[in-house]
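Colleague: Here it is: the structure, laid out below.
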Amino acid sequence: MWNYSFEFPTLSILAIILVFYFSRPRLPVRRSIVFIHMIVIEALIIILDILATMVDNDCAAYSIIYIKVLNMLYFVAFFDRAYIMYLFSIIVLRDSLQEGKLFKKLIRLPLFAGVFISVISIFIGSADFPYVIFYINETGYHSGNLYNFLYVCGFFYVLLAFIAVVMYGRTLGRRRERYGILIYNLLIFAALIIRLTLPKYLIMDTLILIAILIVFLAFGNPDFHLDLRGTAFNRPALSKYLEENTGRLKLTPFGVVIRNYHEMRDLYESSQMEEGLVMIAKYLKRISPKGILFYCRKGRFIVLDQPGRDFREEAKTITERFDHPWKSHSTELYLSAGCATFDNITGNYSSEILLSTMLKALESIGRAETEEPLTVTEEDIKRTETERGVRQCIENALGNDGFELYLQPIVDAKTGRIIGAEALSRIRDTEGNIIPPGLFIPVAENSGRINRLGELVFDRTCKFIKENPIEKMGIEWINVNLSPLQFLCTDLDERFLSIINKYGIDPNSVHLEITEESMIDDRFLQKQIKAMGEKGFLFVLDDYGTGYSNLSRLKKCPFINVKLDMSIVWDYCREPDDILPNMILAFKNMGFSITAEGIEDENMINTMKSIGCDLLQGYYYSKPVPASVFPKII
Ligand code: C2E
Ligand code: MG
Ligand code: MG
């Protein structure tokens, strides 16, 4: 007699998971489909198990064919479950073996064999021919000689999944996922052992239920993929979806962004903004009923929709809708939106590249002045790919000291003599071509490598000063650029001082150039400049005229020099006015000396000298040259 009392609570819990799962929006990815398959097949197994056990316990009361079919279905489901549970591991681990078509077919052989033997068992199985999984006769149910194939198949799949966990487990980003998939497979293994050793107690399903619960908590919970109170999928969901559809994306992406999102959120407060975003998400779903809607933070929505729709027309409708407020009983928001449409994407790009191109496009339209929708082309995607290449080059350069220090002279406007220089860094791509800093510095900033890079440039500059008698060359100092992110390091003074001490040079011989972007936080700016100043470092304000800093803020900062950005120098030389000379006068009153960047001809020299610039830098004197060449040009 079998004891199936465990099966009822197990079935109820499965039903609860299933109901919850279906009550939430689900991302149409393979792992969701396999997860549902897993729950359904497990529920089916339990029902069949209960029914088969009931009829087997009282076989005289039922027709033989009924008992046979019930048992056959049970065994078919059993084999299917073994395979599906293995498949779930493989899908979450993104096992590359699964990509091979032949492998995919071969791996299903035990499943097909099991299903085949289960089906033929009802036709050919008997006491005289027991070479089947089971047979039924007047005395009831009997296991056949091939019954143990059930375990062979079960252990085969679970061991294969273990191998995959060992090989690819580390690729799972979250600890929850790494342990989840391991415990899941251990439970399946334990379930098989228990069934093998205690066949009369139907506890296997209870252990399988716990395994399902574990993957539900680690991977399957649909809430992991949701945002905006469940009205849209989130950014990791988009990554996952694109990853699974690399090279075969059938839907076309379409983006909507709230313009000036951060400012708007500050104005309206985050709770009101969230309310508004939920309304917008609902609206976007209404106008793209067949699309999949993703919310990627910072006011950015991406809809993956059927191709062939007139996205330009849709963009118009959406921007017009934003002419009206987003109103609910507690909120009234006036926002404006920008849209990005995507050209037909034919290339085989990784999801990461597609996603970051989409998001970048939305970010730029979110700040753009125009209301026109932006069209993202294959070229933009290629540019993102180049950036990824640059990231690799930065890593290479950091790994093998591949940075090159270039120096550009800075000239005393009065005497025409070179009295300083600016250090500018260069790296090379795999073919040896120079990657300009305009390209690699932002990538280094975004990938968290700017501090290391900046420190290397600083170190190289100090080394250059140590190894070359710069005073004898008439050089008083060399300027080094500091990224705004570098400027935020609270231990910058100590880091730089230790480099200065390593080479035994004077901190006054290296001036630090910061831009207005470093001046967002007034209090921090003062504190940092003071701390650095105490160690002997001097600051220069670079690219003046490209940011928003005001004079009262500048007044509080002990800069020794302000470098006018070449754009305002060029503008002034093209069309002189009173603004720049007055500004220079104001700076001089504050005690700053002035450098004009971008000097390309004699006329510019005279013009900038005449309005009071003290230092001049530009191609007219010299382009940046490798540090080894610099002493020669002097
Ligand atoms: P920047 O600090 O304003 O440097 C001046 C840039 O203007 C340099 O470009 C220089 O080659 C260029 N330049 C100088 N004179 C002329 C001229 O007469 N005409 C023209 N058209 N350009 C001129 P570069 O080397 O490409 O650097 C671009 C920017 O990258 C720099 O602007 C700086 O902000 C950043 N950068 C460069 N090296 C580093 C570094 O090591 N660390 C950090 N954080 N930023 C760096
Ligand atoms: Mg500079
Ligand atoms: Mg500059």
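We name chains A, B, ... following the order of the structure tokens; residues begin at 1 in each chain, and ligands are numbered from 1 as shown.
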Considering only C-alpha atoms, return as a VMD selection string whatever protein or nucleic-acid residues lie within 12 Å of range 315-330 of chain A, sequence-local ones (same chain, fewer than 2 positions apart) excluded.

Modeller: chain A and resid 254 to 259 268 271 to 288 303 309 to 313 332 to 342 370 to 375

Colleague: Generate a file of the selected residues that holds N, CA and C atoms, formatted as a tab-separated table (two decimals), in the first residue's frame.

Modeller:
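Below you can see out15.tsv, which holds the result:
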chain	number	residue	atom	x	y	z
A	254	PHE	N	11.16	50.86	-29.41
A	254	PHE	CA	10.68	52.23	-29.53
A	254	PHE	C	10.84	52.86	-28.14
A	255	GLY	N	11.45	54.05	-28.09
A	255	GLY	CA	11.74	54.61	-26.76
A	255	GLY	C	11.02	55.92	-26.48
A	256	VAL	N	10.66	56.11	-25.23
A	256	VAL	CA	10.04	57.36	-24.79
A	256	VAL	C	10.77	57.80	-23.53
A	257	VAL	N	11.11	59.09	-23.46
A	257	VAL	CA	11.82	59.56	-22.27
A	257	VAL	C	11.18	60.84	-21.76
A	258	ILE	N	11.13	60.97	-20.44
A	258	ILE	CA	10.65	62.21	-19.84
A	258	ILE	C	11.80	63.21	-19.95
A	259	ARG	N	11.53	64.32	-20.56
A	259	ARG	CA	12.60	65.31	-20.69
A	259	ARG	C	12.98	65.89	-19.33
A	268	TYR	N	8.69	67.80	-8.54
A	268	TYR	CA	7.42	67.16	-8.17
A	268	TYR	C	7.55	66.19	-6.99
A	271	SER	N	7.48	60.66	-5.05
A	271	SER	CA	6.23	59.88	-4.98
A	271	SER	C	5.25	60.33	-6.05
A	272	GLN	N	5.17	61.64	-6.27
A	272	GLN	CA	4.27	62.15	-7.32
A	272	GLN	C	4.78	61.69	-8.68
A	273	MET	N	6.10	61.74	-8.83
A	273	MET	CA	6.68	61.36	-10.11
A	273	MET	C	6.38	59.90	-10.41
A	274	GLU	N	6.47	59.07	-9.37
A	274	GLU	CA	6.21	57.64	-9.58
A	274	GLU	C	4.76	57.44	-10.03
A	275	GLU	N	3.88	58.17	-9.38
A	275	GLU	CA	2.46	58.10	-9.75
A	275	GLU	C	2.30	58.45	-11.24
A	276	GLY	N	2.98	59.52	-11.64
A	276	GLY	CA	2.92	59.95	-13.03
A	276	GLY	C	3.49	58.90	-13.96
A	277	LEU	N	4.60	58.29	-13.57
A	277	LEU	CA	5.23	57.29	-14.42
A	277	LEU	C	4.31	56.08	-14.61
A	278	VAL	N	3.59	55.74	-13.51
A	278	VAL	CA	2.66	54.61	-13.63
A	278	VAL	C	1.56	54.96	-14.65
A	279	MET	N	1.08	56.22	-14.59
A	279	MET	CA	0.04	56.63	-15.55
A	279	MET	C	0.58	56.57	-16.97
A	280	ILE	N	1.82	57.03	-17.13
A	280	ILE	CA	2.43	57.03	-18.47
A	280	ILE	C	2.60	55.58	-18.96
A	281	ALA	N	3.03	54.70	-18.03
A	281	ALA	CA	3.22	53.29	-18.42
A	281	ALA	C	1.89	52.70	-18.89
A	282	LYS	N	0.82	53.02	-18.16
A	282	LYS	CA	-0.49	52.48	-18.55
A	282	LYS	C	-0.90	53.02	-19.92
A	283	TYR	N	-0.61	54.31	-20.13
A	283	TYR	CA	-0.96	54.93	-21.41
A	283	TYR	C	-0.18	54.25	-22.55
A	284	LEU	N	1.12	54.04	-22.33
A	284	LEU	CA	1.93	53.43	-23.38
A	284	LEU	C	1.46	52.01	-23.69
A	285	LYS	N	1.00	51.32	-22.64
A	285	LYS	CA	0.50	49.96	-22.87
A	285	LYS	C	-0.80	50.00	-23.67
A	286	ARG	N	-1.58	51.05	-23.41
A	286	ARG	CA	-2.85	51.17	-24.15
A	286	ARG	C	-2.59	51.39	-25.62
A	287	ILE	N	-1.56	52.23	-25.92
A	287	ILE	CA	-1.37	52.50	-27.34
A	287	ILE	C	-0.51	51.42	-28.04
A	288	SER	N	0.13	50.56	-27.25
A	288	SER	CA	0.86	49.42	-27.85
A	288	SER	C	0.40	48.14	-27.18
A	303	VAL	N	9.54	50.32	-25.53
A	303	VAL	CA	8.48	49.39	-25.90
A	303	VAL	C	9.04	48.51	-27.01
A	309	ARG	N	4.83	49.06	-37.65
A	309	ARG	CA	3.98	50.15	-37.16
A	309	ARG	C	4.60	51.47	-37.53
A	310	ASP	N	3.78	52.49	-37.63
A	310	ASP	CA	4.30	53.80	-37.99
A	310	ASP	C	4.76	54.50	-36.71
A	311	PHE	N	6.01	54.24	-36.35
A	311	PHE	CA	6.51	54.76	-35.07
A	311	PHE	C	6.60	56.28	-35.05
A	312	ARG	N	6.84	56.87	-36.23
A	312	ARG	CA	6.94	58.34	-36.27
A	312	ARG	C	5.59	58.95	-35.91
A	313	GLU	N	4.53	58.35	-36.47
A	313	GLU	CA	3.18	58.83	-36.19
A	313	GLU	C	2.89	58.64	-34.69
A	332	GLU	N	-0.95	66.02	-10.23
A	332	GLU	CA	-1.17	66.71	-11.50
A	332	GLU	C	0.21	67.11	-12.02
A	333	LEU	N	0.68	66.37	-13.00
A	333	LEU	CA	2.05	66.60	-13.49
A	333	LEU	C	2.05	67.13	-14.91
A	334	TYR	N	2.88	68.13	-15.13
A	334	TYR	CA	3.06	68.65	-16.49
A	334	TYR	C	4.46	68.25	-16.93
A	335	LEU	N	4.52	67.34	-17.87
A	335	LEU	CA	5.82	66.84	-18.31
A	335	LEU	C	5.91	66.95	-19.81
A	336	SER	N	7.12	66.82	-20.32
A	336	SER	CA	7.21	66.71	-21.78
A	336	SER	C	8.07	65.50	-22.09
A	337	ALA	N	7.87	64.96	-23.29
A	337	ALA	CA	8.54	63.69	-23.61
A	337	ALA	C	9.27	63.79	-24.93
A	338	GLY	N	10.30	62.97	-25.04
A	338	GLY	CA	11.01	62.82	-26.31
A	338	GLY	C	10.90	61.36	-26.71
A	339	CYS	N	10.93	61.11	-28.01
A	339	CYS	CA	10.81	59.72	-28.48
A	339	CYS	C	12.02	59.34	-29.32
A	340	ALA	N	12.38	58.09	-29.25
A	340	ALA	CA	13.45	57.59	-30.11
A	340	ALA	C	12.92	56.38	-30.85
A	341	THR	N	13.08	56.41	-32.16
A	341	THR	CA	12.67	55.24	-32.94
A	341	THR	C	13.93	54.56	-33.44
A	342	PHE	N	13.78	53.33	-33.82
A	342	PHE	CA	14.95	52.55	-34.20
A	342	PHE	C	14.81	52.07	-35.64
A	370	THR	N	15.20	69.90	-29.34
A	370	THR	CA	14.17	69.65	-30.35
A	370	THR	C	13.12	68.64	-29.88
A	371	GLU	N	11.93	68.76	-30.44
A	371	GLU	CA	10.86	67.82	-30.12
A	371	GLU	C	10.83	66.66	-31.10
A	372	GLU	N	11.63	66.79	-32.17
A	372	GLU	CA	11.65	65.76	-33.21
A	372	GLU	C	12.11	64.41	-32.65
A	373	PRO	N	11.46	63.31	-33.01
A	373	PRO	CA	11.97	62.02	-32.51
A	373	PRO	C	13.34	61.70	-33.11
A	374	LEU	N	14.11	61.00	-32.34
A	374	LEU	CA	15.47	60.67	-32.75
A	374	LEU	C	15.46	59.28	-33.40
A	375	THR	N	16.19	59.13	-34.48
A	375	THR	CA	16.24	57.80	-35.10
A	375	THR	C	17.59	57.16	-34.82

Colleague: Against ligand 2, which residues of chain A fall within 7 Å? For each one I want the closest pair of atoms and the distance in Å (one decimal), counting only C-alpha atoms and all ligand atoms, rows by chain and increasing residue number, as JSON lines.

Modeller:
{"residue": "A:Glu422", "atom": "CA", "partner": "ligand 2", "partner_atom_place_in_ligand_line": "1 (Mg)", "distance": 6.7}
{"residue": "A:Asn481", "atom": "CA", "partner": "ligand 2", "partner_atom_place_in_ligand_line": "1 (Mg)", "distance": 5.1}
{"residue": "A:Glu513", "atom": "CA", "partner": "ligand 2", "partner_atom_place_in_ligand_line": "1 (Mg)", "distance": 5.8}
{"residue": "A:Asp542", "atom": "CA", "partner": "ligand 2", "partner_atom_place_in_ligand_line": "1 (Mg)", "distance": 5.5}

Colleague: Taking only range 337-469 of chain A into account, list the residues labelled strand (DSSP E) by DSSP (computed from the backbone), as a PyMOL selection string.

Modeller: chain A and resi 337-342+374-376+404-412+418-428+434-435

Colleague: Restricting the calculation to only C-alpha atoms: of A:Ser239, A:Glu177, A:Ala82, A:Cys296, which residue gets closest to Ala191 in chain A?

Modeller: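 Of A:Ser239, A:Glu177, A:Ala82, A:Cys296, the one nearest Ala191 in chain A, counting only C-alpha atoms, is A:Ala82.
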
Colleague: Grab me every residue within 7 Å of ligand 3, counting only C-alpha atoms and all ligand atoms, and send it over as a list in words.

Modeller: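 The distance check yields Asp542, Asp543, Lys563, Asp565 and Glu597 of chain A.
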
Colleague: Using only C-alpha atoms, determine which residues lie at most 6 Å from range 211-228 of chain A, disregarding the query and same-chain residues fewer than 6 positions distant; provide the list as a list in words.

Modeller: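 In the requested format, the answer is Arg26, Arg176, Glu177, Gly180, Tyr184, Leu187, Asn234, Ala237 and Val278 of chain A.
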
Colleague: Got a sec to tell me which of range 160-312 of chain A DSSP assigns to helix (DSSP H, G or I), as a PyMOL selection string?

Modeller: chain A and resi 160-171+175-197+204-220+222-225+228-230+235-244+261-268+270-287+311-312

Colleague: Those residues you just picked out, can you put them in a file as a short mmCIF file (atom, residue, chain, number, x, y, z; two decimals), in the first residue's frame with C-alpha atoms?

Modeller:
data_model
loop_
_atom_site.label_atom_id
_atom_site.label_comp_id
_atom_site.auth_asym_id
_atom_site.auth_seq_id
_atom_site.Cartn_x
_atom_site.Cartn_y
_atom_site.Cartn_z
CA LEU A 160 24.40 16.68 -16.24
CA ALA A 161 22.86 19.74 -14.58
CA PHE A 162 25.46 19.47 -11.79
CA ILE A 163 28.24 19.53 -14.36
CA ALA A 164 26.72 22.67 -15.87
CA VAL A 165 26.44 24.26 -12.40
CA VAL A 166 30.10 23.54 -11.73
CA MET A 167 31.15 24.85 -15.14
CA TYR A 168 28.95 27.92 -15.45
CA GLY A 169 27.63 28.61 -11.93
CA ARG A 170 30.09 31.44 -11.48
CA THR A 171 28.55 33.33 -14.40
CA ARG A 175 24.65 34.89 -4.81
CA ARG A 176 20.95 34.11 -4.42
CA GLU A 177 21.02 32.61 -7.93
CA ARG A 178 24.28 30.69 -7.51
CA TYR A 179 23.17 28.97 -4.31
CA GLY A 180 19.61 28.65 -5.58
CA ILE A 181 20.54 26.56 -8.61
CA LEU A 182 22.92 24.40 -6.59
CA ILE A 183 20.38 23.64 -3.85
CA TYR A 184 17.70 23.05 -6.48
CA ASN A 185 19.77 20.31 -8.09
CA LEU A 186 20.79 18.82 -4.73
CA LEU A 187 17.11 18.55 -3.82
CA ILE A 188 16.28 16.81 -7.09
CA PHE A 189 19.12 14.41 -6.39
CA ALA A 190 17.88 13.81 -2.83
CA ALA A 191 14.34 13.31 -4.12
CA LEU A 192 15.53 10.55 -6.45
CA ILE A 193 17.49 8.85 -3.66
CA ILE A 194 14.45 8.95 -1.35
CA ARG A 195 12.21 7.52 -4.02
CA LEU A 196 14.77 4.79 -4.61
CA THR A 197 15.13 3.91 -0.93
CA MET A 204 9.68 12.70 -3.72
CA ASP A 205 7.11 15.28 -4.79
CA THR A 206 7.49 17.17 -1.53
CA LEU A 207 11.23 17.52 -2.15
CA ILE A 208 10.60 18.50 -5.77
CA LEU A 209 8.15 21.12 -4.51
CA ILE A 210 10.87 22.55 -2.24
CA ALA A 211 13.23 22.58 -5.25
CA ILE A 212 10.60 24.49 -7.25
CA LEU A 213 10.11 26.90 -4.34
CA ILE A 214 13.85 27.51 -4.22
CA VAL A 215 14.06 28.43 -7.91
CA PHE A 216 10.90 30.47 -7.56
CA LEU A 217 12.56 32.52 -4.84
CA ALA A 218 15.91 32.70 -6.64
CA PHE A 219 14.79 33.20 -10.25
CA GLY A 220 11.13 32.66 -10.91
CA PRO A 222 7.85 37.59 -11.61
CA ASP A 223 8.31 40.62 -9.33
CA PHE A 224 12.05 40.46 -9.97
CA HIS A 225 11.29 41.67 -13.47
CA LEU A 228 6.32 50.88 -11.53
CA ARG A 229 3.98 48.80 -9.38
CA GLY A 230 3.91 46.01 -11.91
CA ARG A 235 15.83 47.07 -17.04
CA PRO A 236 17.31 43.66 -16.04
CA ALA A 237 14.24 42.13 -17.68
CA LEU A 238 15.04 43.98 -20.88
CA SER A 239 18.63 42.74 -20.75
CA LYS A 240 17.40 39.21 -20.29
CA TYR A 241 14.88 39.44 -23.07
CA LEU A 242 17.39 40.88 -25.52
CA GLU A 243 20.03 38.40 -24.50
CA GLU A 244 17.71 35.54 -25.30
CA TYR A 261 13.69 63.86 -15.76
CA HIS A 262 15.92 64.65 -12.78
CA GLU A 263 14.88 68.28 -12.57
CA MET A 264 11.23 67.29 -12.89
CA ARG A 265 11.56 64.68 -10.18
CA ASP A 266 13.11 67.25 -7.87
CA LEU A 267 10.26 69.65 -8.60
CA TYR A 268 7.42 67.16 -8.17
CA SER A 270 9.60 61.20 -6.20
CA SER A 271 6.23 59.88 -4.98
CA GLN A 272 4.27 62.15 -7.32
CA MET A 273 6.68 61.36 -10.11
CA GLU A 274 6.21 57.64 -9.58
CA GLU A 275 2.46 58.10 -9.75
CA GLY A 276 2.92 59.95 -13.03
CA LEU A 277 5.23 57.29 -14.42
CA VAL A 278 2.66 54.61 -13.63
CA MET A 279 0.04 56.63 -15.55
CA ILE A 280 2.43 57.03 -18.47
CA ALA A 281 3.22 53.29 -18.42
CA LYS A 282 -0.49 52.48 -18.55
CA TYR A 283 -0.96 54.93 -21.41
CA LEU A 284 1.93 53.43 -23.38
CA LYS A 285 0.50 49.96 -22.87
CA ARG A 286 -2.85 51.17 -24.15
CA ILE A 287 -1.37 52.50 -27.34
CA PHE A 311 6.51 54.76 -35.07
CA ARG A 312 6.94 58.34 -36.27
#

Colleague: Counting only C-alpha atoms and all ligand atoms, give me one row per residue of chain A with an atom at most 9 Å from an atom of ligand 1, showing the shortest contact pair and its distance in Å to one decimal, sorted by chain then residue number, as a Markdown table.

Modeller:
| residue | atom | partner | partner_atom_place_in_ligand_line | distance |
| --- | --- | --- | --- | --- |
| A:Leu405 | CA | ligand 1 | 41 (O) | 8.1 |
| A:Tyr406 | CA | ligand 1 | 25 (O) | 7.9 |
| A:Leu407 | CA | ligand 1 | 25 (O) | 8.8 |
| A:Gln408 | CA | ligand 1 | 14 (C) | 7.3 |
| A:Glu422 | CA | ligand 1 | 4 (O) | 7.5 |
| A:Ala423 | CA | ligand 1 | 41 (O) | 6.7 |
| A:Leu424 | CA | ligand 1 | 38 (N) | 3.7 |
| A:Ser425 | CA | ligand 1 | 38 (N) | 4.2 |
| A:Arg426 | CA | ligand 1 | 38 (N) | 7.0 |
| A:Pro436 | CA | ligand 1 | 26 (O) | 5.4 |
| A:Pro437 | CA | ligand 1 | 30 (O) | 4.5 |
| A:Gly438 | CA | ligand 1 | 30 (O) | 4.8 |
| A:Leu439 | CA | ligand 1 | 30 (O) | 8.1 |
| A:Phe440 | CA | ligand 1 | 30 (O) | 8.5 |
| A:Ile441 | CA | ligand 1 | 45 (N) | 6.0 |
| A:Pro442 | CA | ligand 1 | 45 (N) | 8.8 |
| A:Glu445 | CA | ligand 1 | 44 (N) | 8.7 |
| A:Ile450 | CA | ligand 1 | 44 (N) | 7.2 |
| A:Asn451 | CA | ligand 1 | 44 (N) | 8.8 |
| A:Leu453 | CA | ligand 1 | 41 (O) | 7.3 |
| A:Gly454 | CA | ligand 1 | 42 (N) | 5.5 |
| A:Glu455 | CA | ligand 1 | 41 (O) | 8.8 |
| A:Leu456 | CA | ligand 1 | 41 (O) | 8.4 |
| A:Val457 | CA | ligand 1 | 41 (O) | 5.5 |
| A:Phe458 | CA | ligand 1 | 41 (O) | 7.8 |
| A:Asn479 | CA | ligand 1 | 2 (O) | 8.9 |
| A:Val480 | CA | ligand 1 | 41 (O) | 6.7 |
| A:Asn481 | CA | ligand 1 | 43 (C) | 4.6 |
| A:Leu482 | CA | ligand 1 | 44 (N) | 4.4 |
| A:Ser483 | CA | ligand 1 | 44 (N) | 3.8 |
| A:Pro484 | CA | ligand 1 | 44 (N) | 7.6 |
| A:Leu485 | CA | ligand 1 | 44 (N) | 8.6 |
| A:Gln486 | CA | ligand 1 | 44 (N) | 7.7 |
| A:Glu513 | CA | ligand 1 | 2 (O) | 7.3 |
| A:Ile514 | CA | ligand 1 | 44 (N) | 8.4 |
| A:Thr515 | CA | ligand 1 | 34 (O) | 8.0 |
| A:Asp542 | CA | ligand 1 | 3 (O) | 6.3 |
| A:Asp543 | CA | ligand 1 | 3 (O) | 5.6 |
| A:Lys563 | CA | ligand 1 | 3 (O) | 8.3 |
| A:Asp565 | CA | ligand 1 | 3 (O) | 6.8 |
| A:Met566 | CA | ligand 1 | 17 (C) | 7.4 |
| A:Glu597 | CA | ligand 1 | 15 (N) | 5.9 |
| A:Gly598 | CA | ligand 1 | 18 (O) | 3.4 |
| A:Ile599 | CA | ligand 1 | 18 (O) | 4.6 |
| A:Glu600 | CA | ligand 1 | 18 (O) | 4.7 |
| A:Asp601 | CA | ligand 1 | 18 (O) | 8.5 |
| A:Gln617 | CA | ligand 1 | 15 (N) | 5.8 |
| A:Gly618 | CA | ligand 1 | 15 (N) | 3.4 |
| A:Tyr619 | CA | ligand 1 | 18 (O) | 3.8 |
| A:Tyr620 | CA | ligand 1 | 18 (O) | 6.2 |
| A:Tyr621 | CA | ligand 1 | 18 (O) | 8.2 |
| A:Ser622 | CA | ligand 1 | 15 (N) | 7.8 |
| A:Lys623 | CA | ligand 1 | 11 (O) | 6.2 |
| A:Pro624 | CA | ligand 1 | 11 (O) | 5.6 |

Colleague: Fewer than 6 positions away in the same chain doesn't count, so skip those; otherwise give me all residues within 7 Å of Gly125 in chain A, counting only C-alpha atoms, as a ChimeraX atom specification.

Modeller: /A:131-132,134-135

Colleague: Mind dumping the selected residues with C-alpha atoms as a PDB file, in the first residue's frame?

Modeller:
ATOM      1  CA  TYR A 131      10.914  -6.083 -20.228  1.00  0.00           C
ATOM      2  CA  VAL A 132       8.986  -2.850 -19.770  1.00  0.00           C
ATOM      3  CA  PHE A 134       5.376  -1.621 -15.737  1.00  0.00           C
ATOM      4  CA  TYR A 135       2.617  -4.060 -16.539  1.00  0.00           C
TER       5      TYR A 135
END

Colleague: Name the residues in contact with Glu378 in chain A at a cut-off of 12 Å, using only C-alpha atoms, excluding same-chain residues fewer than 6 positions from it; report them as a list in words.

Modeller: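 Near Glu378 in chain A, the qualifying residues are Thr341, Phe342, Asp343, Asn344, Ile345, Thr346, Gly347, Asn348, Tyr349, Ile353, Leu354, Thr357, Met358, Thr384 and Glu385 of chain A.
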
Colleague: Report the distance between CA of Ile107 in chain A and CA of Ile203 in chain A in Å, rounded to one decimal place.

Modeller: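 Going from CA of Ile107 in chain A over to CA of Ile203 in chain A covers 27.6 Å.
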
Colleague: For Gly536 in chain A, which residue among A:Met608, A:Val115, A:Ile500, A:Cys59 is the nearest when counting only C-alpha atoms?

Modeller: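 Residue with the minimum atom-to-atom distance to Gly536 in chain A: A:Ile500.
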
Colleague: Report, in Å with one decimal, the straight-line distance from CA of Phe403 in chain A to CA of Ser518 in chain A.

Modeller: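 Separating CA of Phe403 in chain A from CA of Ser518 in chain A is a distance of 24.2 Å.
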
Colleague: Just to confirm, what's the straight-line distance from CA of Phe537 in chain A to CA of Phe559 in chain A in Å (one decimal)?

Modeller: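 Calculated distance between CA of Phe537 in chain A and CA of Phe559 in chain A is 10.5 Å.
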
Colleague: Restricting the calculation to only C-alpha atoms, which member of A:Lys290, A:His511, A:Arg391, A:Arg248 is positioned closest to Ile427 in chain A?

Modeller: A:Arg391

Colleague: For Leu585 in chain A, which residue out of A:Leu525, A:Leu18, A:Ile611, A:Val34 is the nearest one, using only C-alpha atoms?

Modeller: A:Ile611
